[in-house]
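Chemist: Structure supplied as upload34.pdb; contents: PDB, C-alpha atoms.
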ATOM      1  CA  MET T   1     140.209-138.466  68.947  1.00  0.00           C
ATOM      2  CA  LYS T   2     137.838-140.368  71.222  1.00  0.00           C
ATOM      3  CA  LYS T   3     139.154-141.408  74.572  1.00  0.00           C
ATOM      4  CA  SER T   4     139.798-144.993  75.560  1.00  0.00           C
ATOM      5  CA  ILE T   5     137.705-146.467  78.365  1.00  0.00           C
ATOM      6  CA  GLU T   6     140.813-146.485  80.570  1.00  0.00           C
ATOM      7  CA  THR T   7     141.239-142.733  80.061  1.00  0.00           C
ATOM      8  CA  ILE T   8     137.588-142.179  80.980  1.00  0.00           C
ATOM      9  CA  TRP T   9     138.037-143.964  84.298  1.00  0.00           C
ATOM     10  CA  LYS T  10     141.207-142.006  85.092  1.00  0.00           C
ATOM     11  CA  GLU T  11     139.518-138.639  84.531  1.00  0.00           C
ATOM     12  CA  GLY T  12     136.977-139.349  87.229  1.00  0.00           C
ATOM     13  CA  PHE T  13     133.373-138.406  87.709  1.00  0.00           C
ATOM     14  CA  LEU T  14     133.640-135.598  90.286  1.00  0.00           C
ATOM     15  CA  ASN T  15     134.367-131.950  89.568  1.00  0.00           C
ATOM     16  CA  SER T  16     137.894-130.769  90.182  1.00  0.00           C
ATOM     17  CA  ASP T  17     136.706-128.558  93.021  1.00  0.00           C
ATOM     18  CA  SER T  18     135.077-131.474  94.860  1.00  0.00           C
ATOM     19  CA  ILE T  19     136.052-131.869  98.506  1.00  0.00           C
ATOM     20  CA  VAL T  20     136.048-135.658  98.065  1.00  0.00           C
ATOM     21  CA  THR T  21     139.572-136.997  98.048  1.00  0.00           C
ATOM     22  CA  PRO T  22     141.154-138.266  94.784  1.00  0.00           C
ATOM     23  CA  LYS T  23     141.490-141.716  96.348  1.00  0.00           C
ATOM     24  CA  LEU T  24     137.701-142.015  96.709  1.00  0.00           C
ATOM     25  CA  ASN T  25     137.262-140.749  93.154  1.00  0.00           C
ATOM     26  CA  ASN T  26     139.689-143.371  91.868  1.00  0.00           C
ATOM     27  CA  LEU T  27     137.977-146.119  93.898  1.00  0.00           C
ATOM     28  CA  TYR T  28     134.637-145.576  92.151  1.00  0.00           C
ATOM     29  CA  ASN T  29     136.347-145.348  88.768  1.00  0.00           C
ATOM     30  CA  LYS T  30     137.869-148.778  89.302  1.00  0.00           C
ATOM     31  CA  LYS T  31     134.529-150.192  90.467  1.00  0.00           C
ATOM     32  CA  SER T  32     132.849-148.823  87.329  1.00  0.00           C
ATOM     33  CA  GLU T  33     135.504-150.256  85.037  1.00  0.00           C
ATOM     34  CA  HIS T  34     135.238-153.658  86.700  1.00  0.00           C
ATOM     35  CA  ILE T  35     131.436-153.906  86.518  1.00  0.00           C
ATOM     36  CA  VAL T  36     131.242-152.937  82.827  1.00  0.00           C
ATOM     37  CA  ASP T  37     134.054-155.277  81.804  1.00  0.00           C
ATOM     38  CA  LYS T  38     132.514-158.133  83.799  1.00  0.00           C
ATOM     39  CA  PHE T  39     129.085-157.741  82.177  1.00  0.00           C
ATOM     40  CA  ILE T  40     130.476-157.493  78.626  1.00  0.00           C
ATOM     41  CA  ARG T  41     132.638-160.571  79.225  1.00  0.00           C
ATOM     42  CA  MET T  42     129.760-162.628  80.648  1.00  0.00           C
ATOM     43  CA  PHE T  43     127.428-161.456  77.898  1.00  0.00           C
ATOM     44  CA  LYS T  44     129.874-162.617  75.212  1.00  0.00           C
ATOM     45  CA  ILE T  45     130.397-165.996  76.910  1.00  0.00           C
ATOM     46  CA  ASN T  46     126.645-166.561  77.164  1.00  0.00           C
ATOM     47  CA  LEU T  47     126.127-165.815  73.462  1.00  0.00           C
ATOM     48  CA  VAL T  48     128.798-168.379  72.577  1.00  0.00           C
ATOM     49  CA  ALA T  49     127.204-170.886  74.972  1.00  0.00           C
ATOM     50  CA  ILE T  50     123.763-170.350  73.401  1.00  0.00           C
ATOM     51  CA  THR T  51     125.167-170.981  69.918  1.00  0.00           C
ATOM     52  CA  ILE T  52     127.032-174.133  70.981  1.00  0.00           C
ATOM     53  CA  GLY T  53     123.993-175.311  72.936  1.00  0.00           C
ATOM     54  CA  SER T  54     121.767-174.989  69.863  1.00  0.00           C
ATOM     55  CA  VAL T  55     124.057-177.335  67.918  1.00  0.00           C
ATOM     56  CA  PHE T  56     124.120-179.812  70.806  1.00  0.00           C
ATOM     57  CA  ILE T  57     120.312-179.824  71.103  1.00  0.00           C
ATOM     58  CA  LEU T  58     119.957-180.300  67.340  1.00  0.00           C
ATOM     59  CA  ALA T  59     122.341-183.271  67.353  1.00  0.00           C
ATOM     60  CA  MET T  60     120.725-184.900  70.382  1.00  0.00           C
ATOM     61  CA  SER T  61     117.222-184.463  68.958  1.00  0.00           C
ATOM     62  CA  TRP T  62     118.194-186.454  65.891  1.00  0.00           C
ATOM     63  CA  LEU T  63     119.733-189.189  68.010  1.00  0.00           C
ATOM     64  CA  VAL T  64     116.553-189.621  70.070  1.00  0.00           C
ATOM     65  CA  HIS T  65     114.271-189.239  67.021  1.00  0.00           C
ATOM     66  CA  ILE T  66     112.592-185.939  67.901  1.00  0.00           C
ATOM     67  CA  PRO T  67     114.174-183.757  65.179  1.00  0.00           C
ATOM     68  CA  TYR T  68     111.383-181.172  65.053  1.00  0.00           C
ATOM     69  CA  MET T  69     112.248-180.053  68.560  1.00  0.00           C
ATOM     70  CA  GLY T  70     115.927-179.785  67.704  1.00  0.00           C
ATOM     71  CA  ILE T  71     115.287-177.814  64.524  1.00  0.00           C
ATOM     72  CA  GLY T  72     112.960-175.441  66.346  1.00  0.00           C
ATOM     73  CA  PHE T  73     115.404-174.794  69.171  1.00  0.00           C
ATOM     74  CA  PHE T  74     118.327-174.446  66.752  1.00  0.00           C
ATOM     75  CA  VAL T  75     116.538-171.691  64.827  1.00  0.00           C
ATOM     76  CA  LEU T  76     115.231-169.944  67.956  1.00  0.00           C
ATOM     77  CA  LEU T  77     118.502-169.992  69.890  1.00  0.00           C
ATOM     78  CA  ASN T  78     120.584-168.799  66.948  1.00  0.00           C
ATOM     79  CA  THR T  79     118.086-166.027  66.247  1.00  0.00           C
ATOM     80  CA  LEU T  80     118.344-165.010  69.894  1.00  0.00           C
ATOM     81  CA  ALA T  81     122.151-165.076  69.735  1.00  0.00           C
ATOM     82  CA  TYR T  82     122.197-163.055  66.492  1.00  0.00           C
ATOM     83  CA  PHE T  83     119.945-160.290  67.828  1.00  0.00           C
ATOM     84  CA  ASN T  84     121.916-160.041  71.052  1.00  0.00           C
ATOM     85  CA  PHE T  85     125.212-160.002  69.171  1.00  0.00           C
ATOM     86  CA  LYS T  86     123.913-156.998  67.218  1.00  0.00           C
ATOM     87  CA  LEU T  87     122.867-155.380  70.493  1.00  0.00           C
ATOM     88  CA  ARG T  88     126.288-156.066  72.001  1.00  0.00           C
ATOM     89  CA  VAL T  89     127.981-154.372  69.055  1.00  0.00           C
ATOM     90  CA  GLY T  90     125.752-151.394  69.752  1.00  0.00           C
ATOM     91  CA  SER T  91     127.419-150.945  73.145  1.00  0.00           C
ATOM     92  CA  ASN T  92     130.581-149.909  71.291  1.00  0.00           C
ATOM     93  CA  LYS T  93     128.716-146.842  70.021  1.00  0.00           C
ATOM     94  CA  ILE T  94     128.369-145.395  73.497  1.00  0.00           C
ATOM     95  CA  ASP T  95     130.143-142.027  73.620  1.00  0.00           C
ATOM     96  CA  LYS T  96     133.528-142.531  75.261  1.00  0.00           C
ATOM     97  CA  ASN T  97     134.482-138.867  75.089  1.00  0.00           C
ATOM     98  CA  VAL T  98     132.987-138.290  78.542  1.00  0.00           C
ATOM     99  CA  ASN T  99     133.934-138.913  82.150  1.00  0.00           C
ATOM    100  CA  SER T 100     133.367-142.234  83.921  1.00  0.00           C
ATOM    101  CA  TYR T 101     130.051-141.244  85.520  1.00  0.00           C
ATOM    102  CA  GLN T 102     128.522-140.129  82.216  1.00  0.00           C
ATOM    103  CA  TYR T 103     129.828-143.248  80.473  1.00  0.00           C
ATOM    104  CA  LEU T 104     128.349-145.488  83.182  1.00  0.00           C
ATOM    105  CA  LYS T 105     124.991-143.708  82.855  1.00  0.00           C
ATOM    106  CA  SER T 106     125.091-144.250  79.074  1.00  0.00           C
ATOM    107  CA  PHE T 107     125.967-147.895  79.618  1.00  0.00           C
ATOM    108  CA  ASP T 108     123.036-148.274  82.015  1.00  0.00           C
ATOM    109  CA  LEU T 109     120.722-146.705  79.412  1.00  0.00           C
ATOM    110  CA  TRP T 110     121.992-149.113  76.719  1.00  0.00           C
ATOM    111  CA  LEU T 111     121.527-152.022  79.133  1.00  0.00           C
ATOM    112  CA  ASN T 112     117.908-151.101  79.842  1.00  0.00           C
ATOM    113  CA  GLU T 113     117.175-150.713  76.123  1.00  0.00           C
ATOM    114  CA  MET T 114     118.690-154.153  75.463  1.00  0.00           C
ATOM    115  CA  ILE T 115     116.562-155.697  78.215  1.00  0.00           C
ATOM    116  CA  SER T 116     113.428-154.027  76.814  1.00  0.00           C
ATOM    117  CA  ILE T 117     114.102-155.415  73.308  1.00  0.00           C
ATOM    118  CA  ASN T 118     114.698-158.909  74.686  1.00  0.00           C
ATOM    119  CA  GLN T 119     111.516-158.748  76.731  1.00  0.00           C
ATOM    120  CA  LYS T 120     109.553-158.066  73.560  1.00  0.00           C
ATOM    121  CA  PHE T 121     111.348-160.876  71.727  1.00  0.00           C
ATOM    122  CA  SER T 122     110.613-163.242  74.627  1.00  0.00           C
ATOM    123  CA  ARG T 123     106.874-162.984  73.858  1.00  0.00           C
ATOM    124  CA  ILE T 124     107.668-164.850  70.637  1.00  0.00           C
ATOM    125  CA  PHE T 125     110.584-166.949  71.855  1.00  0.00           C
ATOM    126  CA  TYR T 126     108.946-168.752  74.796  1.00  0.00           C
ATOM    127  CA  PRO T 127     105.729-169.803  72.995  1.00  0.00           C
ATOM    128  CA  LEU T 128     107.695-171.027  69.980  1.00  0.00           C
ATOM    129  CA  ALA T 129     110.074-172.930  72.256  1.00  0.00           C
ATOM    130  CA  ILE T 130     107.100-174.725  73.825  1.00  0.00           C
ATOM    131  CA  LEU T 131     105.683-175.450  70.367  1.00  0.00           C
ATOM    132  CA  SER T 132     109.036-176.939  69.369  1.00  0.00           C
ATOM    133  CA  VAL T 133     108.902-179.316  72.336  1.00  0.00           C
ATOM    134  CA  VAL T 134     105.306-180.308  71.567  1.00  0.00           C
ATOM    135  CA  ALA T 135     106.102-180.830  67.874  1.00  0.00           C
ATOM    136  CA  GLY T 136     109.173-182.856  68.752  1.00  0.00           C
ATOM    137  CA  PHE T 137     107.282-185.334  70.889  1.00  0.00           C
ATOM    138  CA  TRP T 138     104.075-185.293  68.815  1.00  0.00           C
ATOM    139  CA  PHE T 139     105.728-185.992  65.458  1.00  0.00           C
ATOM    140  CA  GLY T 140     108.902-187.624  66.728  1.00  0.00           C
ATOM    141  CA  GLU T 141     109.384-191.220  65.706  1.00  0.00           C
ATOM    142  CA  ILE T 142     109.910-193.408  68.759  1.00  0.00           C
ATOM    143  CA  GLY T 143     110.277-197.119  68.088  1.00  0.00           C
ATOM    144  CA  GLY T 144     108.847-196.700  64.581  1.00  0.00           C
ATOM    145  CA  ASP T 145     105.602-195.127  65.838  1.00  0.00           C
ATOM    146  CA  ILE T 146     104.428-191.529  65.715  1.00  0.00           C
ATOM    147  CA  PRO T 147     103.427-190.713  69.323  1.00  0.00           C
ATOM    148  CA  GLY T 148     100.880-188.077  68.318  1.00  0.00           C
ATOM    149  CA  GLU T 149      99.030-190.425  65.991  1.00  0.00           C
ATOM    150  CA  ASN T 150      98.950-193.141  68.634  1.00  0.00           C
ATOM    151  CA  PHE T 151      97.626-190.681  71.188  1.00  0.00           C
ATOM    152  CA  VAL T 152      94.838-189.513  68.863  1.00  0.00           C
ATOM    153  CA  GLN T 153      93.864-193.118  68.160  1.00  0.00           C
ATOM    154  CA  PHE T 154      93.691-193.795  71.888  1.00  0.00           C
ATOM    155  CA  LEU T 155      91.469-190.742  72.431  1.00  0.00           C
ATOM    156  CA  LEU T 156      89.176-191.722  69.561  1.00  0.00           C
ATOM    157  CA  GLU T 157      88.685-195.147  71.138  1.00  0.00           C
ATOM    158  CA  GLN T 158      87.661-193.474  74.379  1.00  0.00           C
ATOM    159  CA  PHE T 159      85.699-190.602  72.819  1.00  0.00           C
ATOM    160  CA  PRO T 160      84.454-191.640  69.345  1.00  0.00           C
ATOM    161  CA  ASN T 161      82.619-188.325  68.834  1.00  0.00           C
ATOM    162  CA  MET T 162      85.676-186.230  69.577  1.00  0.00           C
ATOM    163  CA  ILE T 163      86.057-183.268  67.196  1.00  0.00           C
ATOM    164  CA  LEU T 164      89.249-183.206  65.150  1.00  0.00           C
ATOM    165  CA  VAL T 165      90.748-180.200  63.365  1.00  0.00           C
ATOM    166  CA  PHE T 166      93.278-181.232  60.706  1.00  0.00           C
ATOM    167  CA  GLY T 167      93.760-184.456  62.652  1.00  0.00           C
ATOM    168  CA  PHE T 168      94.232-182.772  66.029  1.00  0.00           C
ATOM    169  CA  PRO T 169      91.723-182.933  68.908  1.00  0.00           C
ATOM    170  CA  LEU T 170      89.937-179.584  69.095  1.00  0.00           C
ATOM    171  CA  TYR T 171      89.995-179.341  72.877  1.00  0.00           C
ATOM    172  CA  LEU T 172      93.715-180.076  72.988  1.00  0.00           C
ATOM    173  CA  LEU T 173      94.316-177.288  70.481  1.00  0.00           C
ATOM    174  CA  ILE T 174      92.242-174.875  72.536  1.00  0.00           C
ATOM    175  CA  GLY T 175      94.129-175.842  75.687  1.00  0.00           C
ATOM    176  CA  LEU T 176      97.508-175.550  73.966  1.00  0.00           C
ATOM    177  CA  PHE T 177      96.887-172.125  72.455  1.00  0.00           C
ATOM    178  CA  THR T 178      95.397-170.853  75.722  1.00  0.00           C
ATOM    179  CA  PHE T 179      98.544-171.962  77.503  1.00  0.00           C
ATOM    180  CA  LEU T 180     100.737-170.341  74.827  1.00  0.00           C
ATOM    181  CA  ALA T 181      98.786-167.093  75.166  1.00  0.00           C
ATOM    182  CA  LEU T 182      99.398-167.117  78.926  1.00  0.00           C
ATOM    183  CA  ILE T 183     103.103-167.739  78.363  1.00  0.00           C
ATOM    184  CA  ALA T 184     103.293-164.881  75.846  1.00  0.00           C
ATOM    185  CA  TYR T 185     101.505-162.593  78.309  1.00  0.00           C
ATOM    186  CA  SER T 186     103.921-163.514  81.115  1.00  0.00           C
ATOM    187  CA  ALA T 187     107.014-163.712  78.903  1.00  0.00           C
ATOM    188  CA  GLY T 188     108.450-160.372  79.990  1.00  0.00           C
ATOM    189  CA  THR T 189     108.344-161.384  83.654  1.00  0.00           C
ATOM    190  CA  ILE T 190     109.787-164.824  82.892  1.00  0.00           C
ATOM    191  CA  TYR T 191     112.622-163.240  80.914  1.00  0.00           C
ATOM    192  CA  LYS T 192     113.481-160.833  83.752  1.00  0.00           C
ATOM    193  CA  TRP T 193     113.516-163.802  86.135  1.00  0.00           C
ATOM    194  CA  ASP T 194     115.900-165.714  83.829  1.00  0.00           C
ATOM    195  CA  LEU T 195     118.068-162.619  83.382  1.00  0.00           C
ATOM    196  CA  ASN T 196     118.399-162.008  87.113  1.00  0.00           C
ATOM    197  CA  ILE T 197     119.544-165.580  87.674  1.00  0.00           C
ATOM    198  CA  VAL T 198     122.561-164.925  85.439  1.00  0.00           C
ATOM    199  CA  TYR T 199     123.240-161.203  85.855  1.00  0.00           C
ATOM    200  CA  GLY T 200     121.373-160.301  89.047  1.00  0.00           C
ATOM    201  CA  ARG T 201     124.482-159.589  91.116  1.00  0.00           C
ATOM    202  CA  ILE T 202     125.967-157.408  88.382  1.00  0.00           C
ATOM    203  CA  PHE T 203     122.754-155.383  88.031  1.00  0.00           C
ATOM    204  CA  LYS T 204     122.606-154.861  91.782  1.00  0.00           C
ATOM    205  CA  LYS T 205     126.239-153.728  91.887  1.00  0.00           C
ATOM    206  CA  LEU T 206     125.716-151.376  88.938  1.00  0.00           C
ATOM    207  CA  ASP T 207     122.736-149.745  90.656  1.00  0.00           C
ATOM    208  CA  GLU T 208     124.713-149.369  93.881  1.00  0.00           C
ATOM    209  CA  ILE T 209     127.668-147.719  92.136  1.00  0.00           C
ATOM    210  CA  LEU T 210     125.435-145.285  90.245  1.00  0.00           C
ATOM    211  CA  ALA T 211     123.525-144.442  93.427  1.00  0.00           C
ATOM    212  CA  ASP T 212     126.791-143.753  95.293  1.00  0.00           C
ATOM    213  CA  MET T 213     128.144-141.632  92.450  1.00  0.00           C
ATOM    214  CA  GLU T 214     124.953-139.576  92.254  1.00  0.00           C
ATOM    215  CA  GLU T 215     124.955-139.055  96.011  1.00  0.00           C
ATOM    216  CA  LEU T 216     128.562-137.844  95.931  1.00  0.00           C
ATOM    217  CA  ARG T 217     127.829-135.517  93.015  1.00  0.00           C
ATOM    218  CA  SER T 218     124.821-133.921  94.707  1.00  0.00           C
TER     219      SER T 218
END
Turn this file's structure into structure tokens for me.

Modeler:
Amino acid sequence: MKKSIETIWKEGFLNSDSIVTPKLNNLYNKKSEHIVDKFIRMFKINLVAITIGSVFILAMSWLVHIPYMGIGFFVLLNTLAYFNFKLRVGSNKIDKNVNSYQYLKSFDLWLNEMISINQKFSRIFYPLAILSVVAGFWFGEIGGDIPGENFVQFLLEQFPNMILVFGFPLYLLIGLFTFLALIAYSAGTIYKWDLNIVYGRIFKKLDEILADMEELRS
């Protein structure tokens, strides 16, 4: 039978012949238990918040007549929540039939794999999020008018020879897709920045605990 997480912590991470006192061993076990539980709890809360937020954005976008933005964000945010929910379930597959140090190392490995997957997804997520905003304001009906059509008409009055592609100014399309390419290229860095805002203190504490454990084991 696999051990519970509580049993893992109680067994400790140091060999029985270690000269380190049992009190120190128990201290790091409690720190490990706390940091894992705190991350899992925050991760679950954030997934729920993302799902609720997607519904709120969708509702507000309809009220202010920019539904394309709301639909885009609703799909993107729920896709993000779904993938991360699947990743969170994967944390339950970490082998619990080990001591606390080995479990914490496995948790750290799972965490880094999850971050890597989300970094790759962010290269799609951020550009599509920007496109959703652009589509919302371009096609959104404000006061009975379509802002994008009015803007194109204004540009045509100023630049009659302006090249259009499917009704869109060519140079605006070039600028937009260049910007989206830059966002996609930088998406991994942007995602890590966002992640550290929410979980930065937990990551730092996790690294410190692992470093201390490895120093004591050496």

Chemist: At what distance in Å, to one decimal, does atom CA of Gly200 of chain T lie from atom CA of Lys38 of chain T?

Modeler: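 Between atom CA of Lys38 of chain T and atom CA of Gly200 of chain T the gap is 12.5 Å.
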
Chemist: Between atom CA of Phe121 of chain T and atom CA of Ile94 of chain T, what distance in Å does the model show, to one decimal?

Modeler: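 Atom CA of Phe121 of chain T sits 23.1 Å away from atom CA of Ile94 of chain T.
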
Chemist: Per residue of segment 75-141 of chain T within 12 Å of segment 161-179 of chain T, record the nearest atom pair and its distance in Å to one decimal, counting only C-alpha atoms, with rows in chain order and ascending residue number, as a tab-separated table.

Modeler:
residue	atom	partner	partner_atom	distance
T:Tyr126	CA	T:Phe179	CA	11.2
T:Pro127	CA	T:Phe179	CA	8.8
T:Leu128	CA	T:Phe177	CA	11.1
T:Ile130	CA	T:Leu176	CA	9.6
T:Leu131	CA	T:Leu176	CA	8.9
T:Val134	CA	T:Leu176	CA	9.4
T:Ala135	CA	T:Leu176	CA	11.8
T:Trp138	CA	T:Phe168	CA	10.5
T:Phe139	CA	T:Phe168	CA	12.0

Chemist: What does the distance between atom CA of Val89 of chain T and atom CA of Ser116 of chain T come to in Å, to one decimal place?

Modeler: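 Taking atom CA of Val89 of chain T and atom CA of Ser116 of chain T, their separation equals 16.5 Å.
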
Chemist: Could you spell out the hits of the PyMOL selection byres ((chain T and resi 119) around 9) on the shown file, as a PyMOL selection string?

Modeler: chain T and resi 114-118+120-123+187-192

Chemist: With all atoms listed in the file as the atoms that count, which of T:Asn46, T:Thr51, T:Ser186, T:Asn196 lies nearest to Ile124 of chain T?

Modeler: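 Closest to Ile124 of chain T of all the choices is T:Ser186.
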
Chemist: Find the residue from T:Asn92, T:Thr79, T:Ser132, T:Asn84 that sits nearest to Ile45 of chain T; use only C-alpha atoms when measuring.

Modeler: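 Comparing T:Asn92, T:Thr79, T:Ser132, T:Asn84 against Ile45 of chain T, the winner is T:Asn84.
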
Chemist: Check what the PyMOL selection byres ((chain T and resi 62-70) around 7) selects in the file above and give those residues as a list in words.

Modeler: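 What the PyMOL selection byres ((chain T and resi 62-70) around 7) grabs from the file is Ile57, Leu58, Ala59, Met60, Ser61, Ile71, Gly72, Phe73, Phe74, Ser132, Val133, Ala135, Gly136, Phe137, Gly140, Glu141 and Ile142 of chain T.
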
Chemist: For Val36 of chain T, work out the shell of residues within 10 Å, counting only C-alpha atoms and skipping chain neighbours fewer than 5 positions away, then give it as a PyMOL selection string.

Modeler: chain T and resi 31+41+104+107-108+202+206

Chemist: Around segment 80-83 of chain T, fit a box with edges along x, y and z, padding it by 3 Å on each side, then list its centre and edge lengths in Å to one decimal as AutoDock Vina command-line options.

Modeler:
--center_x 120.3 --center_y -162.7 --center_z 68.2 --size_x 9.9 --size_y 10.8 --size_z 9.4

Chemist: Pick from T:Ile50, T:Leu195, T:Ala184, T:Leu87: nearest to Phe125 of chain T, with only C-alpha atoms counted?

Modeler: T:Ala184

Chemist: Ranking T:Ile146, T:Leu182, T:Val198, T:Ile209 by minimum distance to Phe43 of chain T and counting all atoms listed in the file, which one comes first?

Modeler: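 Under the stated criterion, the closest residue is T:Val198.
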